[in-house]
Each structure stands twice: as C-alpha cells, then as structure tokens.
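Have a look at upload.cif; it's mmCIF, C-alpha atoms:
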```
data_coords
#
loop_
_atom_site.label_atom_id
_atom_site.label_comp_id
_atom_site.auth_asym_id
_atom_site.auth_seq_id
_atom_site.Cartn_x
_atom_site.Cartn_y
_atom_site.Cartn_z
CA MET Y 171 -3.54 27.87 -18.93
CA GLN Y 172 -1.21 30.53 -17.50
CA ASN Y 173 -4.11 32.61 -16.16
CA LYS Y 174 -6.27 29.70 -15.03
CA LEU Y 175 -6.26 28.43 -11.49
CA GLU Y 176 -5.44 24.74 -11.48
CA ILE Y 177 -7.71 23.15 -8.91
CA LEU Y 178 -7.44 19.93 -6.90
CA LEU Y 179 -10.77 18.89 -5.38
CA VAL Y 180 -10.62 16.71 -2.26
CA GLU Y 181 -14.20 15.79 -1.43
CA ASP Y 182 -16.15 12.59 -0.69
CA ASP Y 183 -19.72 13.82 -1.10
CA GLN Y 184 -20.84 12.98 -4.63
CA THR Y 185 -23.38 15.79 -4.82
CA ALA Y 186 -20.83 18.34 -3.64
CA CYS Y 187 -18.33 17.02 -6.19
CA ARG Y 188 -20.82 17.26 -9.02
CA ASP Y 189 -21.83 20.81 -8.06
CA ILE Y 190 -18.25 22.07 -7.81
CA ILE Y 191 -17.21 20.35 -11.05
CA GLN Y 192 -20.18 21.98 -12.78
CA GLU Y 193 -19.17 25.41 -11.49
CA ILE Y 194 -15.59 24.85 -12.65
CA ASP Y 195 -16.89 23.87 -16.08
CA ASN Y 196 -19.05 27.02 -16.07
CA ASN Y 197 -15.91 29.14 -15.66
CA PRO Y 198 -13.43 27.69 -18.20
CA ASP Y 199 -11.45 30.93 -18.44
CA ASP Y 200 -10.71 30.97 -14.72
CA PHE Y 201 -10.39 27.36 -13.57
CA ASN Y 202 -9.04 24.01 -14.64
CA LEU Y 203 -9.78 20.90 -12.57
CA ILE Y 204 -6.63 18.77 -12.54
CA GLY Y 205 -7.57 16.21 -9.89
CA LEU Y 206 -10.40 14.75 -7.83
CA THR Y 207 -10.11 12.34 -4.90
CA ASN Y 208 -11.74 11.43 -1.60
CA ASN Y 209 -8.52 10.09 -0.07
CA SER Y 210 -6.01 12.25 1.81
CA SER Y 211 -3.00 10.13 0.79
CA LYS Y 212 -3.97 10.26 -2.87
CA ALA Y 213 -4.55 13.99 -2.55
CA PHE Y 214 -1.02 14.48 -1.27
CA GLN Y 215 0.30 12.45 -4.20
CA TYR Y 216 -1.66 14.70 -6.56
CA VAL Y 217 0.05 17.73 -5.03
CA ILE Y 218 3.51 16.23 -5.49
CA GLU Y 219 2.85 15.25 -9.08
CA THR Y 220 0.72 18.12 -10.40
CA CYS Y 221 1.49 21.22 -8.29
CA PRO Y 222 -2.06 22.67 -8.19
CA ASP Y 223 -2.56 26.37 -7.59
CA ALA Y 224 -5.42 25.80 -5.17
CA ILE Y 225 -7.04 22.95 -3.26
CA ILE Y 226 -10.71 22.76 -2.28
CA LEU Y 227 -10.46 20.53 0.78
CA ASP Y 228 -13.28 18.87 2.69
CA LEU Y 229 -12.17 18.12 6.24
CA GLU Y 230 -14.54 15.17 6.59
CA LEU Y 231 -13.63 12.31 4.26
CA HIS Y 232 -15.92 9.71 5.80
CA HIS Y 233 -16.31 7.72 2.59
CA GLY Y 234 -12.73 8.06 1.43
CA GLY Y 235 -9.53 7.65 3.39
CA GLY Y 236 -7.82 9.74 6.04
CA ASP Y 237 -9.19 13.21 6.69
CA GLY Y 238 -8.54 16.82 5.83
CA LEU Y 239 -6.41 17.53 8.88
CA ASP Y 240 -4.26 14.51 8.08
CA PHE Y 241 -3.76 15.89 4.57
CA LEU Y 242 -2.86 19.36 5.87
CA LYS Y 243 -0.29 17.85 8.23
CA LYS Y 244 1.35 15.94 5.36
CA LEU Y 245 1.39 19.10 3.29
CA ASN Y 246 2.87 21.09 6.16
CA ASP Y 247 5.54 18.49 6.93
CA ALA Y 248 6.59 18.17 3.29
CA LYS Y 249 8.03 21.72 3.23
CA LEU Y 250 7.32 22.13 -0.46
CA SER Y 251 8.86 25.04 -2.35
CA ARG Y 252 5.40 25.89 -3.67
CA ILE Y 253 2.45 25.61 -1.27
CA PRO Y 254 -1.01 25.56 -2.89
CA PHE Y 255 -3.72 27.86 -1.61
CA VAL Y 256 -5.97 25.69 0.58
CA LEU Y 257 -9.67 26.53 0.83
CA VAL Y 258 -11.28 24.30 3.46
CA THR Y 259 -14.97 23.42 3.27
CA THR Y 260 -16.44 21.64 6.27
CA ASN Y 261 -19.52 20.68 8.24
CA ASN Y 262 -17.48 21.07 11.42
CA ILE Y 263 -18.21 24.35 13.20
CA SER Y 264 -15.73 23.84 16.04
CA GLU Y 265 -13.41 26.86 16.41
CA VAL Y 266 -10.79 24.54 17.90
CA THR Y 267 -10.82 22.41 14.75
CA HIS Y 268 -10.71 25.51 12.58
CA GLU Y 269 -7.73 26.88 14.51
CA ILE Y 270 -5.87 23.57 14.08
CA ALA Y 271 -6.57 23.66 10.35
CA ARG Y 272 -5.23 27.21 10.13
CA LYS Y 273 -2.05 26.29 12.03
CA LEU Y 274 -1.54 23.39 9.62
CA GLY Y 275 -1.75 25.71 6.64
CA ALA Y 276 -5.40 26.24 5.67
CA ASP Y 277 -5.68 29.66 4.02
CA PHE Y 278 -9.44 30.07 4.38
CA ILE Y 279 -12.33 28.10 5.89
CA MET Y 280 -15.93 28.01 4.70
CA THR Y 281 -18.50 26.10 6.73
CA LYS Y 282 -21.14 24.33 4.69
CA SER Y 283 -23.84 25.43 7.13
CA GLN Y 284 -23.10 29.15 6.78
CA GLU Y 285 -25.66 31.34 5.07
CA GLY Y 286 -25.21 31.52 1.33
CA TYR Y 287 -22.81 28.60 1.10
CA SER Y 288 -22.86 26.83 -2.26
CA ALA Y 289 -20.51 25.45 -4.86
CA LYS Y 290 -20.88 28.77 -6.66
CA SER Y 291 -19.82 30.73 -3.56
CA VAL Y 292 -16.71 28.53 -3.24
CA LEU Y 293 -15.65 29.25 -6.81
CA GLU Y 294 -16.59 32.92 -6.53
CA PHE Y 295 -14.26 33.22 -3.55
CA LEU Y 296 -11.41 31.61 -5.49
CA LYS Y 297 -12.11 33.92 -8.42
CA ILE Y 298 -11.85 36.95 -6.14
CA THR Y 299 -8.53 35.75 -4.72
CA LYS Y 300 -7.23 34.52 -8.07
CA SER Y 301 -4.57 37.21 -8.49
CA VAL Y 302 -3.21 36.55 -4.99
CA ILE Y 303 -3.05 32.82 -5.62
CA LEU Y 304 -1.36 33.19 -9.00
CA ASN Y 305 1.18 35.51 -7.43
CA ARG Y 306 2.50 32.52 -5.48
CA ARG Y 307 3.30 30.90 -8.80
CA LYS Y 308 5.06 34.02 -10.08
CA GLN Y 309 7.22 34.31 -6.97
CA LEU Y 310 8.91 31.00 -7.69
CA ARG Y 311 12.16 30.85 -9.56
CA SER Y 312 11.53 29.39 -13.01
CA ASP Y 313 13.66 26.30 -12.28
CA GLU Y 314 11.45 25.49 -9.30
CA TYR Y 315 8.28 25.65 -11.33
CA ASP Y 316 9.33 23.95 -14.56
CA GLU Y 317 7.92 20.48 -14.86
CA SER Y 318 10.08 17.52 -15.68
CA PRO Y 319 8.92 15.37 -18.62
CA THR Y 320 7.84 12.72 -16.10
CA GLN Y 321 5.75 15.21 -14.11
CA ALA Y 322 4.17 16.54 -17.30
CA ALA Y 323 3.29 13.00 -18.42
CA LYS Y 324 1.73 12.19 -15.06
CA ARG Y 325 -0.24 15.43 -15.07
CA LEU Y 326 -1.61 14.65 -18.54
CA GLN Y 327 -2.55 11.11 -17.56
CA ARG Y 328 -4.34 12.26 -14.41
CA ARG Y 329 -6.27 14.83 -16.44
CA ILE Y 330 -7.38 12.16 -18.91
CA CYS Y 331 -8.38 9.82 -16.08
CA LEU Y 332 -10.44 12.62 -14.55
CA GLU Y 333 -12.32 13.17 -17.82
CA LEU Y 334 -12.99 9.44 -18.23
CA ASP Y 335 -14.21 9.18 -14.65
CA LYS Y 336 -16.65 12.06 -15.21
CA VAL Y 337 -18.55 10.14 -17.88
CA GLY Y 338 -18.39 6.84 -16.06
CA ILE Y 339 -15.73 4.98 -18.05
CA SER Y 340 -14.83 2.21 -15.62
CA ALA Y 341 -11.19 1.97 -14.59
CA LYS Y 342 -11.76 -1.79 -14.34
CA SER Y 343 -12.54 -2.13 -18.04
CA ILE Y 344 -9.82 -3.24 -20.40
CA GLY Y 345 -10.54 -0.33 -22.71
CA TYR Y 346 -9.87 2.26 -19.98
CA GLN Y 347 -6.07 2.15 -20.31
CA TYR Y 348 -6.29 1.89 -24.08
CA LEU Y 349 -8.37 5.09 -24.18
CA ILE Y 350 -5.84 6.84 -21.94
CA ASP Y 351 -3.03 5.89 -24.29
CA ALA Y 352 -5.00 6.85 -27.39
CA ILE Y 353 -5.93 10.29 -26.02
CA THR Y 354 -2.35 10.86 -24.80
CA ILE Y 355 -0.96 10.14 -28.25
CA THR Y 356 -3.55 12.35 -29.95
CA VAL Y 357 -3.03 15.28 -27.55
CA LYS Y 358 0.62 15.38 -28.57
CA GLU Y 359 0.06 14.84 -32.27
CA PRO Y 360 -2.88 13.36 -34.20
CA ALA Y 361 -1.80 9.95 -35.45
CA GLN Y 362 -3.14 7.29 -37.75
CA HIS Y 363 -3.49 3.62 -36.90
CA LEU Y 364 -3.90 4.26 -33.16
CA CYS Y 365 -5.21 0.77 -32.48
CA ASP Y 366 -2.16 -0.74 -34.18
CA LYS Y 367 0.21 1.38 -32.06
CA ILE Y 368 -1.57 0.52 -28.82
CA GLY Y 369 -1.83 -3.12 -29.81
CA GLU Y 370 1.92 -3.29 -30.31
CA LYS Y 371 2.48 -1.87 -26.83
CA TYR Y 372 0.23 -4.43 -25.11
CA ARG Y 373 0.82 -7.29 -27.58
CA LYS Y 374 -2.80 -7.31 -28.62
CA SER Y 375 -4.42 -7.23 -32.03
CA ALA Y 376 -5.69 -3.89 -33.31
CA THR Y 377 -9.16 -5.40 -33.49
CA SER Y 378 -9.18 -6.39 -29.81
CA VAL Y 379 -7.95 -2.93 -28.79
CA GLU Y 380 -10.66 -1.25 -30.87
CA ARG Y 381 -13.35 -3.54 -29.48
CA ALA Y 382 -12.26 -2.97 -25.87
CA MET Y 383 -12.31 0.82 -26.26
CA GLN Y 384 -15.72 0.88 -27.91
CA ASN Y 385 -17.11 -1.52 -25.28
CA ALA Y 386 -15.88 0.80 -22.50
CA ILE Y 387 -17.58 3.78 -24.15
CA ASN Y 388 -20.79 1.85 -24.85
CA ARG Y 389 -21.00 0.62 -21.26
CA ALA Y 390 -20.65 4.15 -19.91
CA TRP Y 391 -23.38 5.48 -22.21
CA ASN Y 392 -25.68 2.63 -21.23
CA THR Y 393 -25.17 2.89 -17.46
CA SER Y 394 -24.22 6.48 -16.58
CA ASP Y 395 -26.75 9.15 -15.68
CA ILE Y 396 -27.89 10.82 -18.89
CA GLN Y 397 -27.62 14.33 -17.41
CA ASN Y 398 -24.08 13.58 -16.29
CA LEU Y 399 -23.18 12.58 -19.86
CA LEU Y 400 -24.82 15.70 -21.31
CA ASP Y 401 -22.95 17.92 -18.83
CA ASN Y 402 -19.54 16.40 -19.48
CA TYR Y 403 -19.58 15.30 -23.12
CA THR Y 404 -20.75 18.29 -25.10
CA ALA Y 405 -19.72 17.26 -28.60
CA LYS Y 406 -22.35 16.32 -31.16
CA ILE Y 407 -22.65 12.54 -31.48
CA LYS Y 408 -22.87 11.64 -35.15
CA SER Y 409 -23.39 7.92 -34.66
CA ASP Y 410 -27.01 6.81 -35.18
CA LYS Y 411 -26.62 4.66 -32.04
CA GLY Y 412 -26.38 7.74 -29.86
CA VAL Y 413 -22.96 6.68 -28.58
CA PRO Y 414 -19.66 8.32 -29.59
CA THR Y 415 -17.46 6.36 -31.93
CA ILE Y 416 -13.90 5.73 -30.79
CA ASN Y 417 -12.53 8.47 -33.04
CA GLU Y 418 -15.19 10.97 -31.97
CA PHE Y 419 -14.47 10.25 -28.32
CA ILE Y 420 -10.67 10.35 -28.59
CA TYR Y 421 -10.52 13.51 -30.69
CA TYR Y 422 -13.07 15.31 -28.51
CA TYR Y 423 -10.99 14.81 -25.37
CA ALA Y 424 -7.66 15.36 -27.11
CA GLN Y 425 -8.87 18.75 -28.37
CA LYS Y 426 -10.45 19.66 -25.03
CA ILE Y 427 -7.28 18.86 -23.10
CA ARG Y 428 -4.94 20.37 -25.70
CA ASN Y 429 -6.76 23.70 -25.36
CA ASP Y 430 -5.87 23.75 -21.65
CA LEU Y 431 -2.17 22.94 -22.08
#
```
In structure tokens, how does this file's structure come out?
Amino acid sequence: MQNKLEILLVEDDQTACRDIIQEIDNNPDDFNLIGLTNNSSKAFQYVIETCPDAIILDLELHHGGGDGLDFLKKLNDAKLSRIPFVLVTTNNISEVTHEIARKLGADFIMTKSQEGYSAKSVLEFLKITKSVILNRRKQLRSDEYDESPTQAAKRLQRRICLELDKVGISAKSIGYQYLIDAITITVKEPAQHLCDKIGEKYRKSATSVERAMQNAINRAWNTSDIQNLLDNYTAKIKSDKGVPTINEFIYYYAQKIRNDL
C-alpha cells in the first residue's frame, strides 16, 4: 500500500462514481479507494479518520449534502498537519468559482465539459502526479503519520463498508453489520466459529447470525445490477445457486482487503 495513492471520492453522480471506481479497479498497483460519499460533512469526516493521499472532489453535490466549496473551506479551516491533494471535477466553468476553489486549497481543477474529459483522464492525471502527491506523505514526521489503533480500525471498517456498498449489500439489513464484523475478524486472522463469536457480541444465536448474513448476500445478488456484481465480485462462485456462500464472501473480501494493508 506504500506506493498506492489512497483516494477519497466525493461525487453524487452515480454514473461518474461507477466510471471512476472502475478506473481505480483497473489500476490496482497505483490506487486504492478508501472512501466514497456525496456529502461534504461526511467527506470531511473521512479525511479526519482515514488521511487520504488524494481527493477527487465534485463541486456540485446536488443529490448529497453541502457542496465542494463548503468541503474545501472546512479542510482549509482545519489546519491539518497533512493536507490531501485535491483534484476538483466540476460542471461549473466560472473562473470566479475556480479561483475561489484554488484559494480554499484545490490543487487542480478539471471541468467535465473540457475536451477529452473522462474518468480515465482523471486517474491518468493522478498517476502522472503520483510521485508529487506521495512526497507530501514522506515529508511528514513519522509520529504525525502513524495511525492510532482507533484510526486503523475505523479505516478498515470504512473500507469494508465501501466494498459491501459496491455490490449492493443494504446497510439497513441486519446482516450488514454482521458481515462487517466477520470480515474484520478474518482480515486480522482467519478464525473458526465466526457466527458463534458474532452471536456472542450481539446476544444472538449463531444460526440467526448466519441466516442474516446469507439473506443480505442473497438479496444483493437478486436485486443488484448483474454487471455491477461481475465488476466488483470477481471470485468464482462455487455454489450451484449462483450466489456466494457466507464463507466464500467473507474470505474473498478479507483476502482482497488484506492484500492492500
């Protein structure tokens, strides 16, 4: 992970999100997506908790909360010891707006209407500037960059949530939190009797925990776009039902995330 850019994506257009996520997944040696949100307040919280190397920021968050300028102001006022590289993407072509964004800390601005703009061009730009961005990380004293155990735990949980969201596991389902816990445990060290351990935590039977997790997975595979599932869950599904078993699902994501740690 040391040579990967850790990316926070702040965007409210679903198509744009899907395209950028796909490009990040196409470049696993260069990028790691650690957060996705359409809300400026949540984006700021991501920065505090996960310290991304770079932020792809849409100025217009019409379907989320706040806006890109609001986020930049919060980032500027926070006076963080480590400021992420901020790449703004926007439909706004006003030079006045662009100048305000720059004064608030935007490092570069790409307008979505400019010739050649695409998710690929956004990631290509970040790849070109990768060494400059990573140099910001190296310039920090080690005690400023080291994560506390709490920060590391929050970073891991957010990463797992991001992966579950990609395949359409509903955060409203009971099995959602159980899957987060199961993957968290397995990332650290493969363990037996996961359902028993999680059941003890929530005072539920192992059977009810297992059923809730499988129901959450089944629901996602029955309702999510098939291409979205194929893009984001690349492991072979051995079950004759065409849906990952709990163990297949948990171990796939545990291994995927462990490789990035």
Result set, the PyMOL selection byres ((chain Y and resi 326) around 10) on current file, as a ChimeraX atom specification: /Y:204,220,320-325,327-332,350,353-354,357,427-428,431
Store the residues picked out above in a file with C-alpha atoms, as a PDB file, in the coordinates of the input.
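What follows is the written file result.pdb:
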```pdb
ATOM      1  CA  ILE Y 204      -6.630  18.770 -12.540  1.00  0.00           C
ATOM      2  CA  THR Y 220       0.720  18.120 -10.400  1.00  0.00           C
ATOM      3  CA  THR Y 320       7.840  12.720 -16.100  1.00  0.00           C
ATOM      4  CA  GLN Y 321       5.750  15.210 -14.110  1.00  0.00           C
ATOM      5  CA  ALA Y 322       4.170  16.540 -17.300  1.00  0.00           C
ATOM      6  CA  ALA Y 323       3.290  13.000 -18.420  1.00  0.00           C
ATOM      7  CA  LYS Y 324       1.730  12.190 -15.060  1.00  0.00           C
ATOM      8  CA  ARG Y 325      -0.240  15.430 -15.070  1.00  0.00           C
ATOM      9  CA  GLN Y 327      -2.550  11.110 -17.560  1.00  0.00           C
ATOM     10  CA  ARG Y 328      -4.340  12.260 -14.410  1.00  0.00           C
ATOM     11  CA  ARG Y 329      -6.270  14.830 -16.440  1.00  0.00           C
ATOM     12  CA  ILE Y 330      -7.380  12.160 -18.910  1.00  0.00           C
ATOM     13  CA  CYS Y 331      -8.380   9.820 -16.080  1.00  0.00           C
ATOM     14  CA  LEU Y 332     -10.440  12.620 -14.550  1.00  0.00           C
ATOM     15  CA  ILE Y 350      -5.840   6.840 -21.940  1.00  0.00           C
ATOM     16  CA  ILE Y 353      -5.930  10.290 -26.020  1.00  0.00           C
ATOM     17  CA  THR Y 354      -2.350  10.860 -24.800  1.00  0.00           C
ATOM     18  CA  VAL Y 357      -3.030  15.280 -27.550  1.00  0.00           C
ATOM     19  CA  ILE Y 427      -7.280  18.860 -23.100  1.00  0.00           C
ATOM     20  CA  ARG Y 428      -4.940  20.370 -25.700  1.00  0.00           C
ATOM     21  CA  LEU Y 431      -2.170  22.940 -22.080  1.00  0.00           C
TER      22      LEU Y 431
END
```
On this file, the PyMOL selection byres ((chain Y and resi 278) around 8) gives some set of residues; write that set as a CSV table (one decimal) with C-alpha atoms, keeping the file's coordinate frame.
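Output saved as result-v1.csv:
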```
chain,number,residue,atom,x,y,z
Y,256,VAL,CA,-6.0,25.7,0.6
Y,257,LEU,CA,-9.7,26.5,0.8
Y,258,VAL,CA,-11.3,24.3,3.5
Y,272,ARG,CA,-5.2,27.2,10.1
Y,276,ALA,CA,-5.4,26.2,5.7
Y,277,ASP,CA,-5.7,29.7,4.0
Y,279,ILE,CA,-12.3,28.1,5.9
Y,280,MET,CA,-15.9,28.0,4.7
```
Given the file shown, determine the residues that the PyMOL selection byres ((chain Y and resi 351) around 10) selects; report them as a PDB file with C-alpha atoms, in the coordinates of the input.
```
ATOM      1  CA  GLN Y 327      -2.550  11.110 -17.560  1.00  0.00           C
ATOM      2  CA  ILE Y 330      -7.380  12.160 -18.910  1.00  0.00           C
ATOM      3  CA  GLY Y 345     -10.540  -0.330 -22.710  1.00  0.00           C
ATOM      4  CA  TYR Y 346      -9.870   2.260 -19.980  1.00  0.00           C
ATOM      5  CA  GLN Y 347      -6.070   2.150 -20.310  1.00  0.00           C
ATOM      6  CA  TYR Y 348      -6.290   1.890 -24.080  1.00  0.00           C
ATOM      7  CA  LEU Y 349      -8.370   5.090 -24.180  1.00  0.00           C
ATOM      8  CA  ILE Y 350      -5.840   6.840 -21.940  1.00  0.00           C
ATOM      9  CA  ALA Y 352      -5.000   6.850 -27.390  1.00  0.00           C
ATOM     10  CA  ILE Y 353      -5.930  10.290 -26.020  1.00  0.00           C
ATOM     11  CA  THR Y 354      -2.350  10.860 -24.800  1.00  0.00           C
ATOM     12  CA  ILE Y 355      -0.960  10.140 -28.250  1.00  0.00           C
ATOM     13  CA  THR Y 356      -3.550  12.350 -29.950  1.00  0.00           C
ATOM     14  CA  VAL Y 357      -3.030  15.280 -27.550  1.00  0.00           C
ATOM     15  CA  LEU Y 364      -3.900   4.260 -33.160  1.00  0.00           C
ATOM     16  CA  CYS Y 365      -5.210   0.770 -32.480  1.00  0.00           C
ATOM     17  CA  LYS Y 367       0.210   1.380 -32.060  1.00  0.00           C
ATOM     18  CA  ILE Y 368      -1.570   0.520 -28.820  1.00  0.00           C
ATOM     19  CA  LYS Y 371       2.480  -1.870 -26.830  1.00  0.00           C
ATOM     20  CA  ILE Y 420     -10.670  10.350 -28.590  1.00  0.00           C
TER      21      ILE Y 420
END
```
Residues near range 388-395 of chain Y, cut-off 12 Å, only C-alpha atoms, skip fewer than 2 positions along chain, as a ChimeraX atom specification: /Y:334-346,381-386,397-403,407,409,411-416,419
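Using only C-alpha atoms, the nearest neighbour of Ala271 in chain Y within the list Y:Leu304, Y:Leu229, Y:Leu178, Y:Ile190 is Y:Leu229.
Counting all atoms listed in the file and comparing Y:Phe241, Y:Tyr372, Y:Phe255, Y:Tyr422, the residue that lies closest to Thr207 in chain Y is Y:Phe241.
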d(CA of Phe214 in chain Y, CA of Tyr287 in chain Y) in Å: 26.1 Å
CA of Lys426 in chain Y to CA of Pro222 in chain Y, distance in Å rounded to a single decimal: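 Interatomic distance here is 19.1 Å.
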Contact table range 180-250 of chain Y vs range 289-297 of chain Y, cut-off 8 Å, shortest pair per residue, only C-alpha atoms, as a Markdown table:
```
| residue | atom | partner | partner_atom | distance |
| --- | --- | --- | --- | --- |
| Y:Ala186 | CA | Y:Ala289 | CA | 7.2 |
| Y:Asp189 | CA | Y:Ala289 | CA | 5.8 |
| Y:Ile190 | CA | Y:Ala289 | CA | 5.0 |
| Y:Glu193 | CA | Y:Lys290 | CA | 6.1 |
| Y:Ile194 | CA | Y:Leu293 | CA | 7.3 |
| Y:Asp200 | CA | Y:Lys297 | CA | 7.1 |
```
Please save C-alpha atoms of the selected residues as a tab-separated table (two decimals), in the coordinates of the input.
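That gives us again.tsv:
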```tsv
chain	number	residue	atom	x	y	z
Y	186	ALA	CA	-20.83	18.34	-3.64
Y	189	ASP	CA	-21.83	20.81	-8.06
Y	190	ILE	CA	-18.25	22.07	-7.81
Y	193	GLU	CA	-19.17	25.41	-11.49
Y	194	ILE	CA	-15.59	24.85	-12.65
Y	200	ASP	CA	-10.71	30.97	-14.72
```
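Nearest residue to Lys244 in chain Y, choosing from Y:Gln284, Y:Gln192, Y:Ser210, Y:Thr404 and counting all atoms listed in the file: Y:Ser210.
With distances restricted to all atoms listed in the file, Y:Glu333 is the closest residue to Asp195 in chain Y from Y:Glu418, Y:Leu231, Y:Glu333, Y:Pro254.
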Option closest in space to Pro198 in chain Y, from Y:Asn173, Y:Asp182, Y:Val217, Y:Arg373 [counting all atoms listed in the file]: Y:Asn173
CA of Arg306 in chain Y to CA of Ile253 in chain Y, straight-line distance in Å: 8.1 Å
